[in-house]
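The block underneath contains the structure these notes are about, expressed in structure tokens.
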Amino acid sequence: MPKQKQTKRNADDAAAVPVYTIAHKTGQTRREGRRAPLSDKEMAELPPIPESIRPDLDILFVGINPGAISGQKQLHFGNPHNYFWKGLYESSLIPEHIPPEQGNRLFSEWNMSIVNLVQRTTRSANDLSLREMRESVPELCRKISACVPRIICFVGLGIYKIFAGLGKVEPGLQHETYEYKDRDGLNDPEFKSNLKDESSLARRGLIFVMPSTSGRTSAYQNPEKLAYFKQLKYLRDCVAAGPGPLNIDHAVLASLGPHTRSKYFS
């Protein structure tokens, strides 16, 4: 898929940092006002939502695929009933509440970004076949390896099941870490176990799994979803401290919300 190379400069660093925006050509224009339901043909013609990545992100969020409203608006987590943007603010991962229309600020100001496992827009994630999701994993691996995030956060347990090839996944910090090897050639996930025995995250990223933020998710209500956002915020602060030993106080992590069922703590 085409990549447009841009340049980002930090105020404290004169060196240019490569930024890649994964964009897709489209001749469609956004409808103004209230949007009428899309036909199946219109849904199929919607382009993927643009994704921006660069090396050394603090957090890379992974969604499953655009829903109808997100695809039509061309915005990540664009449904007003989705808890994602509210959860970022209420957990203090970002300093102000922003609407999906300002989602680019997550990348430009706060060193986080969003990608999807599958690019195709559907009315529901249930419309995706298992085969289509599995076939999308290599491309997701390439995106992850291109930006080497400190934390990979899967927004939905089912996404990580597909990605890791697991039959059961519990939310929270995972026992495995993601091992970065060849940024260009990696097609399959590479995991390294025993996070307890590791002192740093050199060439590896933490894996965090949270419940889906969709308003359709009834198994987890917003207060519990917020608890996972708070845990993620704590982990972000830990890894953003810079290189060196990784210092995660698991008592603090557990105190931020409901007792995690992650196998890390088993």
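Chains: A, B, ... in order of the structure tokens. Residues: from 1 per chain. Ligands: from 1, in order shown.
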
Surrounding residues of Asp58 (chain A) excluding itself and chain neighbours under 5 positions, 7 Å, only C-alpha atoms, as a PyMOL selection string: chain A and resi 111-112+149-151+236+240

Write the residues you've just listed into a file as a tab-separated table (two decimals), in the first residue's frame, and include N, CA and C atoms for each of them.
```tsv
chain	number	residue	atom	x	y	z
A	111	ASN	N	2.50	10.91	20.96
A	111	ASN	CA	3.34	9.77	20.60
A	111	ASN	C	2.63	8.42	20.70
A	112	MET	N	1.37	8.41	20.27
A	112	MET	CA	0.61	7.17	20.18
A	112	MET	C	-0.07	7.13	18.82
A	149	PRO	N	6.87	-0.04	18.78
A	149	PRO	CA	6.26	0.63	19.93
A	149	PRO	C	6.70	0.02	21.25
A	150	ARG	N	6.73	0.84	22.28
A	150	ARG	CA	7.07	0.35	23.60
A	150	ARG	C	5.96	-0.52	24.17
A	151	ILE	N	4.72	-0.19	23.81
A	151	ILE	CA	3.57	-0.98	24.24
A	151	ILE	C	2.67	-1.21	23.03
A	236	ARG	N	2.50	3.03	30.49
A	236	ARG	CA	3.08	4.03	29.59
A	236	ARG	C	4.08	4.90	30.34
A	240	ALA	N	8.00	5.07	29.40
A	240	ALA	CA	8.40	6.37	28.85
A	240	ALA	C	9.52	7.00	29.66
```

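Inside region 78-160 of chain A, the residues DSSP reads as strand (DSSP E or B) when given the backbone are Met112, Ser113, Ile114, Val115, Asn116, Ile151, Ile152, Cys153, Phe154 and Val155 of chain A.
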
Separation of CA of Ile114 (chain A) and CA of Phe84 (chain A), in Å?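 Here the two named atoms are 11.2 Å from each other.
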
Name all residues at most 12 Å from region 90-106 of chain A (count only C-alpha atoms; drop same-chain ones fewer than 6 positions away) and give them as a ChimeraX atom specification. /A:21,49-53,57-61,69-70,73-84,112-114,222-237,256-257

List the neighbours of region 123-134 of chain A out to 8 Å using only C-alpha atoms; skip same-chain residues closer than 5 positions along the sequence, and give me the result as number ranges by chain. A: 64-65, 67-68, 117-118, 162-163

CA of Cys238 (chain A) to CA of Gly165 (chain A), distance in Å rounded to a single decimal: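 For CA of Cys238 (chain A) relative to CA of Gly165 (chain A), the distance reads 28.1 Å.
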
Just list as a VMD selection string whatever in region 60-193 of chain A DSSP marks as alpha helix (DSSP H). chain A and resid 68 to 73 84 to 90 104 to 108 130 to 135 137 to 147 157 to 164

Between CA of Met210 (chain A) and CA of Ile152 (chain A), what is the spacing in Å?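 Computing the Euclidean distance for CA of Ile152 (chain A) and CA of Met210 (chain A) yields 10.8 Å.
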